[in-house]
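See below for start.cif, which holds mmCIF, C-alpha atoms and all ligand atoms.
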data_my_file
loop_
_atom_site.label_atom_id
_atom_site.label_comp_id
_atom_site.auth_asym_id
_atom_site.auth_seq_id
_atom_site.Cartn_x
_atom_site.Cartn_y
_atom_site.Cartn_z
CA MET X 1 192.14 78.42 174.05
CA ILE X 2 189.19 79.20 176.27
CA ARG X 3 186.01 77.26 176.89
CA GLU X 4 182.93 78.84 178.43
CA VAL X 5 179.51 77.39 179.09
CA PHE X 6 176.60 79.73 179.58
CA ASP X 7 173.02 79.06 180.65
CA LEU X 8 169.92 79.93 178.74
CA LYS X 9 166.30 79.76 179.86
CA THR X 10 163.65 79.33 177.17
CA ASP X 11 159.94 80.05 177.57
CA GLU X 12 158.32 78.58 174.43
CA ARG X 13 158.29 75.14 172.77
CA ILE X 14 160.01 76.65 169.72
CA GLU X 15 162.06 79.75 170.41
CA ILE X 16 164.73 81.38 168.27
CA HIS X 17 167.04 83.10 170.69
CA ASP X 18 169.74 85.59 169.56
CA ILE X 19 172.97 84.78 171.45
CA THR X 20 175.34 87.02 169.46
CA GLN X 21 176.03 89.36 172.39
CA GLU X 22 176.83 86.50 174.77
CA ILE X 23 179.32 85.10 172.24
CA GLN X 24 180.91 88.52 171.63
CA LEU X 25 181.36 88.97 175.38
CA ILE X 26 183.17 85.62 175.70
CA VAL X 27 185.33 86.36 172.66
CA GLY X 28 186.22 89.75 174.15
CA GLN X 29 187.38 88.10 177.37
CA SER X 30 189.72 85.71 175.55
CA SER X 31 193.24 86.70 174.53
CA CYS X 32 192.73 85.23 171.03
CA LYS X 33 192.60 87.73 168.17
CA ASN X 34 192.68 85.43 165.14
CA GLY X 35 191.35 81.90 165.00
CA LEU X 36 188.03 80.15 165.30
CA VAL X 37 185.02 80.37 167.59
CA ASN X 38 182.89 77.26 167.96
CA ILE X 39 179.38 77.46 169.42
CA TYR X 40 177.91 74.13 170.40
CA SER X 41 174.75 72.78 172.02
CA ARG X 42 174.87 69.42 173.82
CA HIS X 43 171.08 69.06 173.60
CA SER X 44 169.46 66.82 170.97
CA THR X 45 166.30 68.91 170.73
CA SER X 46 167.92 72.24 169.95
CA GLY X 47 169.93 73.90 167.20
CA ILE X 48 172.58 76.54 166.59
CA VAL X 49 172.28 78.63 163.42
CA ILE X 50 173.47 81.86 161.84
CA ASN X 51 171.03 84.09 160.02
CA GLU X 52 169.34 87.49 159.98
CA ASN X 53 167.56 88.74 163.08
CA GLU X 54 164.45 90.11 161.40
CA LYS X 55 161.20 89.49 163.26
CA GLY X 56 159.16 88.44 160.19
CA LEU X 57 161.90 86.12 158.97
CA LEU X 58 162.20 84.41 162.38
CA LYS X 59 158.44 83.77 162.31
CA ASP X 60 158.78 82.41 158.74
CA PHE X 61 161.59 80.10 159.88
CA GLN X 62 159.49 78.82 162.77
CA ASP X 63 156.52 78.24 160.42
CA ALA X 64 158.80 76.40 157.98
CA LEU X 65 160.08 74.11 160.76
CA GLU X 66 156.49 73.25 161.68
CA ASN X 67 155.52 72.66 158.02
CA ILE X 68 158.57 70.56 157.12
CA VAL X 69 158.28 68.45 160.29
CA PRO X 70 154.62 68.39 161.33
CA PRO X 71 154.05 67.89 165.06
CA ASN X 72 151.29 65.28 164.95
CA LYS X 73 152.52 62.32 162.96
CA ASN X 74 152.85 58.69 163.98
CA TYR X 75 156.56 58.98 164.90
CA ASN X 76 158.34 55.89 166.31
CA HIS X 77 160.16 57.94 168.96
CA ASN X 78 156.85 59.20 170.35
CA ARG X 79 156.29 55.71 171.81
CA ILE X 80 159.05 56.37 174.35
CA ASP X 81 159.28 60.15 174.51
CA ASN X 82 156.70 62.45 172.97
CA ASN X 83 159.08 64.79 171.13
CA ALA X 84 160.14 63.17 167.84
CA ASP X 85 159.31 66.37 165.94
CA SER X 86 161.79 68.29 168.13
CA HIS X 87 164.58 65.75 167.47
CA ILE X 88 163.95 65.66 163.70
CA ARG X 89 164.03 69.47 163.49
CA SER X 90 167.32 69.37 165.41
CA PHE X 91 168.74 66.77 162.97
CA LEU X 92 167.95 69.15 160.10
CA ILE X 93 169.27 72.34 161.72
CA GLY X 94 172.45 70.99 163.34
CA ASN X 95 173.80 71.82 166.78
CA THR X 96 177.02 73.65 166.12
CA VAL X 97 178.52 76.50 164.11
CA THR X 98 182.12 77.66 163.75
CA ILE X 99 182.86 81.29 162.95
CA PRO X 100 186.22 82.80 161.96
CA LEU X 101 187.73 85.15 164.53
CA TYR X 102 189.50 88.00 162.74
CA ASP X 103 191.32 90.91 164.41
CA GLY X 104 189.58 90.21 167.72
CA LYS X 105 186.09 90.17 166.22
CA LEU X 106 183.62 87.55 165.04
CA ASP X 107 183.79 87.69 161.26
CA LEU X 108 180.01 87.91 160.83
CA GLY X 109 178.34 89.61 157.89
CA THR X 110 176.37 92.81 158.49
CA TRP X 111 173.05 90.98 158.67
CA GLN X 112 174.22 87.86 160.45
CA SER X 113 173.39 86.94 164.03
CA ILE X 114 173.95 83.74 165.98
CA PHE X 115 170.88 81.93 167.31
CA PHE X 116 170.17 79.20 169.78
CA VAL X 117 167.03 77.44 168.53
CA GLU X 118 164.92 75.86 171.23
CA LEU X 119 162.87 73.00 169.77
CA ASP X 120 161.39 71.40 172.90
CA GLY X 121 161.00 74.15 175.45
CA PRO X 122 160.51 75.60 177.89
CA ARG X 123 163.78 74.35 179.36
CA ARG X 124 167.06 75.37 180.88
CA ARG X 125 169.86 74.94 178.32
CA LYS X 126 173.63 75.21 178.17
CA VAL X 127 175.67 76.57 175.29
CA THR X 128 179.38 75.75 174.99
CA VAL X 129 181.68 78.33 173.40
CA THR X 130 185.27 77.40 172.50
CA VAL X 131 187.70 80.05 171.25
CA THR X 132 190.99 78.87 169.71
CA GLY X 133 193.75 80.79 167.99
CA ASP X 134 196.53 83.30 168.59
ZN ZN X 201 163.09 62.43 172.85
#

Turn this file's structure into structure tokens for me.
Amino acid sequence: MIREVFDLKTDERIEIHDITQEIQLIVGQSSCKNGLVNIYSRHSTSGIVINENEKGLLKDFQDALENIVPPNKNYNHNRIDNNADSHIRSFLIGNTVTIPLYDGKLDLGTWQSIFFVELDGPRRRKVTVTVTGD
């Protein structure tokens, strides 16, 4: 098993950041060929997702997040910390994904990429990658 934590700097309040290459690099450095790769964010205003890296679609996803969870509502959490919308979006997205590792490679589909989703940027973030298997 290996565990790596890498840093990420985000520039926007909402930012959908492709981290597939970083994960592939870590997987390549491990001696595991078959098993599981877990990608995890310890931050409660962020998300980890898998989907297609197509510019228009990423904009659509961002628009959907803003429509489903509008920024300017009378949220309870905003009384102590003005970022309830960021937390709620994170609740909905989730903060971890696990991907099968097969024959030394991430078993992603042709159109799948791994994204870190910043929901309360700009910030410095950490992503934890755990590779287990044989
Ligand atoms: Zn908060």

**OP:** All residues within 12 Å of ligand ZN 201 (chain X) are required, counting all atoms listed in the file; please report them as a list in words.
**Re:**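 My answer, listing the contacting residues, is His43, Ser44, Thr45, Ser46, Tyr75, Asn76, His77, Asn78, Arg79, Ile80, Asp81, Asn82, Asn83, Ala84, Asp85, Ser86, His87, Ile88, Arg89, Ser90, Leu119 and Asp120 of chain X.
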
Original post:
X:Thr96, X:Asn74, X:Asn51, X:Thr110: which is nearest Ile39 of chain X, counting only C-alpha atoms?
Top reply: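 The answer is X:Thr96, which sits nearest to Ile39 of chain X.
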
Original post:
Any idea what the distance is between atom CA of Glu4 of chain X and atom CA of Leu58 of chain X?
Top reply: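 Separation between atom CA of Glu4 of chain X and atom CA of Leu58 of chain X: 26.8 Å.
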
Original post:
From the list X:Val97, X:Ala64, X:Ile2, X:Val127, which residue is nearest Gly28 of chain X when using all atoms listed in the file?
Top reply: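 Of all the options, X:Ile2 lies closest to Gly28 of chain X.
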
**OP:** Give me, please, the distance in Å between atom CA of Gln29 of chain X and atom CA of Leu106 of chain X, quoted to one decimal.
**Re:**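 Result for atom CA of Gln29 of chain X versus atom CA of Leu106 of chain X: 12.9 Å, one decimal.
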
Counting all atoms listed in the file, give me one row per residue of segment 77-118 of chain X with an atom at most 12 Å from an atom of segment 23-27 of chain X, showing the shortest contact pair and its distance in Å to one decimal, sorted by chain then residue number, as a Markdown table.
| residue | atom | partner | partner_atom | distance |
| --- | --- | --- | --- | --- |
| X:Val97 | CA | X:Ile23 | CA | 11.9 |
| X:Thr98 | CA | X:Ile23 | CA | 11.6 |
| X:Ile99 | CA | X:Ile23 | CA | 10.6 |
| X:Pro100 | CA | X:Val27 | CA | 11.3 |
| X:Leu101 | CA | X:Val27 | CA | 8.6 |
| X:Tyr102 | CA | X:Val27 | CA | 10.9 |
| X:Asp103 | CA | X:Val27 | CA | 11.2 |
| X:Gly104 | CA | X:Val27 | CA | 7.6 |
| X:Lys105 | CA | X:Val27 | CA | 7.5 |
| X:Leu106 | CA | X:Gln24 | CA | 7.2 |
| X:Asp107 | CA | X:Gln24 | CA | 10.8 |
| X:Leu108 | CA | X:Gln24 | CA | 10.9 |
| X:Ser113 | CA | X:Ile23 | CA | 10.3 |
| X:Ile114 | CA | X:Ile23 | CA | 8.4 |
| X:Phe115 | CA | X:Ile23 | CA | 10.3 |
| X:Phe116 | CA | X:Ile23 | CA | 11.2 |

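If only C-alpha atoms are the atoms counted, then among X:Asn67, X:Ser41, X:Asn34, X:Gln112 the closest residue to Phe6 of chain X is X:Ser41.
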
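Pairwise distance (atom CA of Tyr40 of chain X, atom CA of Thr128 of chain X) equals 5.1 Å.
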
Original post:
Between X:Ile14, X:Ile50, X:Ile93, X:Ile19, which one has atoms that come closest to Pro122 of chain X, using only C-alpha atoms?
Top reply: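 Smallest distance to Pro122 of chain X is found for X:Ile14.
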
With all heavy atoms as the atom set, please write segment 25-39 of chain X from the structure just given, as a PDB file, in the first residue's frame.
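Output saved as out01.pdb:
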ATOM      1  N   LEU X  25       0.466   9.400 -12.079  1.00  0.00           N
ATOM      2  CA  LEU X  25       1.872   9.469 -11.664  1.00  0.00           C
ATOM      3  C   LEU X  25       2.087   8.703 -10.353  1.00  0.00           C
ATOM      4  O   LEU X  25       3.032   7.910 -10.229  1.00  0.00           O
ATOM      5  CB  LEU X  25       2.253  10.940 -11.483  1.00  0.00           C
ATOM      6  CG  LEU X  25       3.721  11.302 -11.621  1.00  0.00           C
ATOM      7  CD1 LEU X  25       4.132  11.177 -13.084  1.00  0.00           C
ATOM      8  CD2 LEU X  25       3.969  12.721 -11.125  1.00  0.00           C
ATOM      9  N   ILE X  26       1.207   8.908  -9.401  1.00  0.00           N
ATOM     10  CA  ILE X  26       1.310   8.234  -8.097  1.00  0.00           C
ATOM     11  C   ILE X  26       1.123   6.729  -8.266  1.00  0.00           C
ATOM     12  O   ILE X  26       1.879   5.928  -7.706  1.00  0.00           O
ATOM     13  CB  ILE X  26       0.287   8.828  -7.095  1.00  0.00           C
ATOM     14  CG1 ILE X  26       0.688  10.273  -6.754  1.00  0.00           C
ATOM     15  CG2 ILE X  26       0.184   7.968  -5.839  1.00  0.00           C
ATOM     16  CD1 ILE X  26      -0.380  11.081  -6.051  1.00  0.00           C
ATOM     17  N   VAL X  27       0.145   6.347  -9.081  1.00  0.00           N
ATOM     18  CA  VAL X  27      -0.097   4.924  -9.337  1.00  0.00           C
ATOM     19  C   VAL X  27       1.138   4.287  -9.986  1.00  0.00           C
ATOM     20  O   VAL X  27       1.547   3.183  -9.623  1.00  0.00           O
ATOM     21  CB  VAL X  27      -1.352   4.734 -10.236  1.00  0.00           C
ATOM     22  CG1 VAL X  27      -1.447   3.330 -10.785  1.00  0.00           C
ATOM     23  CG2 VAL X  27      -2.612   5.086  -9.454  1.00  0.00           C
ATOM     24  N   GLY X  28       1.751   5.012 -10.907  1.00  0.00           N
ATOM     25  CA  GLY X  28       2.941   4.510 -11.599  1.00  0.00           C
ATOM     26  C   GLY X  28       4.125   4.296 -10.665  1.00  0.00           C
ATOM     27  O   GLY X  28       4.965   3.420 -10.906  1.00  0.00           O
ATOM     28  N   GLN X  29       4.185   5.098  -9.596  1.00  0.00           N
ATOM     29  CA  GLN X  29       5.288   4.977  -8.643  1.00  0.00           C
ATOM     30  C   GLN X  29       5.067   3.842  -7.642  1.00  0.00           C
ATOM     31  O   GLN X  29       5.998   3.433  -6.957  1.00  0.00           O
ATOM     32  CB  GLN X  29       5.465   6.300  -7.876  1.00  0.00           C
ATOM     33  CG  GLN X  29       6.059   7.411  -8.744  1.00  0.00           C
ATOM     34  CD  GLN X  29       5.817   8.798  -8.147  1.00  0.00           C
ATOM     35  OE1 GLN X  29       5.123   8.943  -7.145  1.00  0.00           O
ATOM     36  NE2 GLN X  29       6.387   9.812  -8.784  1.00  0.00           N
ATOM     37  N   SER X  30       3.842   3.347  -7.548  1.00  0.00           N
ATOM     38  CA  SER X  30       3.570   2.269  -6.591  1.00  0.00           C
ATOM     39  C   SER X  30       3.914   0.929  -7.239  1.00  0.00           C
ATOM     40  O   SER X  30       3.991   0.818  -8.456  1.00  0.00           O
ATOM     41  CB  SER X  30       2.098   2.284  -6.168  1.00  0.00           C
ATOM     42  OG  SER X  30       1.338   1.458  -7.014  1.00  0.00           O
ATOM     43  N   SER X  31       4.106  -0.085  -6.409  1.00  0.00           N
ATOM     44  CA  SER X  31       4.426  -1.412  -6.958  1.00  0.00           C
ATOM     45  C   SER X  31       3.153  -2.222  -7.192  1.00  0.00           C
ATOM     46  O   SER X  31       3.213  -3.348  -7.670  1.00  0.00           O
ATOM     47  CB  SER X  31       5.370  -2.150  -6.004  1.00  0.00           C
ATOM     48  OG  SER X  31       4.766  -2.189  -4.734  1.00  0.00           O
ATOM     49  N   CYS X  32       1.985  -1.638  -6.870  1.00  0.00           N
ATOM     50  CA  CYS X  32       0.716  -2.344  -7.063  1.00  0.00           C
ATOM     51  C   CYS X  32       0.347  -2.381  -8.550  1.00  0.00           C
ATOM     52  O   CYS X  32       0.488  -1.385  -9.252  1.00  0.00           O
ATOM     53  CB  CYS X  32      -0.412  -1.654  -6.299  1.00  0.00           C
ATOM     54  SG  CYS X  32      -0.180  -1.633  -4.529  1.00  0.00           S
ATOM     55  N   LYS X  33      -0.145  -3.519  -8.988  1.00  0.00           N
ATOM     56  CA  LYS X  33      -0.598  -3.654 -10.378  1.00  0.00           C
ATOM     57  C   LYS X  33      -2.109  -3.878 -10.445  1.00  0.00           C
ATOM     58  O   LYS X  33      -2.769  -3.479 -11.401  1.00  0.00           O
ATOM     59  CB  LYS X  33       0.110  -4.843 -11.056  1.00  0.00           C
ATOM     60  CG  LYS X  33       1.608  -4.659 -11.208  1.00  0.00           C
ATOM     61  CD  LYS X  33       1.931  -3.655 -12.312  1.00  0.00           C
ATOM     62  CE  LYS X  33       3.416  -3.355 -12.334  1.00  0.00           C
ATOM     63  NZ  LYS X  33       3.690  -1.927 -12.512  1.00  0.00           N
ATOM     64  N   ASN X  34      -2.643  -4.568  -9.442  1.00  0.00           N
ATOM     65  CA  ASN X  34      -4.072  -4.855  -9.411  1.00  0.00           C
ATOM     66  C   ASN X  34      -4.610  -4.585  -8.013  1.00  0.00           C
ATOM     67  O   ASN X  34      -4.059  -5.093  -7.033  1.00  0.00           O
ATOM     68  CB  ASN X  34      -4.338  -6.310  -9.808  1.00  0.00           C
ATOM     69  CG  ASN X  34      -3.948  -6.565 -11.254  1.00  0.00           C
ATOM     70  OD1 ASN X  34      -4.622  -6.120 -12.177  1.00  0.00           O
ATOM     71  ND2 ASN X  34      -2.836  -7.264 -11.446  1.00  0.00           N
ATOM     72  N   GLY X  35      -5.651  -3.791  -7.945  1.00  0.00           N
ATOM     73  CA  GLY X  35      -6.211  -3.450  -6.635  1.00  0.00           C
ATOM     74  C   GLY X  35      -7.168  -2.287  -6.756  1.00  0.00           C
ATOM     75  O   GLY X  35      -7.974  -2.240  -7.683  1.00  0.00           O
ATOM     76  N   LEU X  36      -7.028  -1.351  -5.826  1.00  0.00           N
ATOM     77  CA  LEU X  36      -7.926  -0.201  -5.795  1.00  0.00           C
ATOM     78  C   LEU X  36      -7.138   1.077  -5.544  1.00  0.00           C
ATOM     79  O   LEU X  36      -6.137   1.059  -4.815  1.00  0.00           O
ATOM     80  CB  LEU X  36      -8.970  -0.364  -4.680  1.00  0.00           C
ATOM     81  CG  LEU X  36      -9.997  -1.496  -4.831  1.00  0.00           C
ATOM     82  CD1 LEU X  36     -10.784  -1.650  -3.524  1.00  0.00           C
ATOM     83  CD2 LEU X  36     -10.947  -1.229  -5.992  1.00  0.00           C
ATOM     84  N   VAL X  37      -7.607   2.154  -6.146  1.00  0.00           N
ATOM     85  CA  VAL X  37      -7.016   3.472  -5.904  1.00  0.00           C
ATOM     86  C   VAL X  37      -8.121   4.352  -5.321  1.00  0.00           C
ATOM     87  O   VAL X  37      -9.183   4.508  -5.939  1.00  0.00           O
ATOM     88  CB  VAL X  37      -6.483   4.099  -7.204  1.00  0.00           C
ATOM     89  CG1 VAL X  37      -5.851   5.457  -6.924  1.00  0.00           C
ATOM     90  CG2 VAL X  37      -5.495   3.168  -7.890  1.00  0.00           C
ATOM     91  N   ASN X  38      -7.866   4.881  -4.142  1.00  0.00           N
ATOM     92  CA  ASN X  38      -8.834   5.787  -3.521  1.00  0.00           C
ATOM     93  C   ASN X  38      -8.298   7.210  -3.568  1.00  0.00           C
ATOM     94  O   ASN X  38      -7.150   7.462  -3.215  1.00  0.00           O
ATOM     95  CB  ASN X  38      -9.096   5.353  -2.069  1.00  0.00           C
ATOM     96  CG  ASN X  38     -10.069   6.280  -1.377  1.00  0.00           C
ATOM     97  OD1 ASN X  38      -9.678   7.177  -0.633  1.00  0.00           O
ATOM     98  ND2 ASN X  38     -11.351   6.091  -1.628  1.00  0.00           N
ATOM     99  N   ILE X  39      -9.155   8.129  -3.996  1.00  0.00           N
ATOM    100  CA  ILE X  39      -8.800   9.554  -4.050  1.00  0.00           C
ATOM    101  C   ILE X  39      -9.763  10.268  -3.108  1.00  0.00           C
ATOM    102  O   ILE X  39     -10.988  10.114  -3.226  1.00  0.00           O
ATOM    103  CB  ILE X  39      -8.912  10.103  -5.488  1.00  0.00           C
ATOM    104  CG1 ILE X  39      -7.952   9.343  -6.402  1.00  0.00           C
ATOM    105  CG2 ILE X  39      -8.591  11.588  -5.531  1.00  0.00           C
ATOM    106  CD1 ILE X  39      -8.631   8.529  -7.438  1.00  0.00           C
TER     107      ILE X  39
END
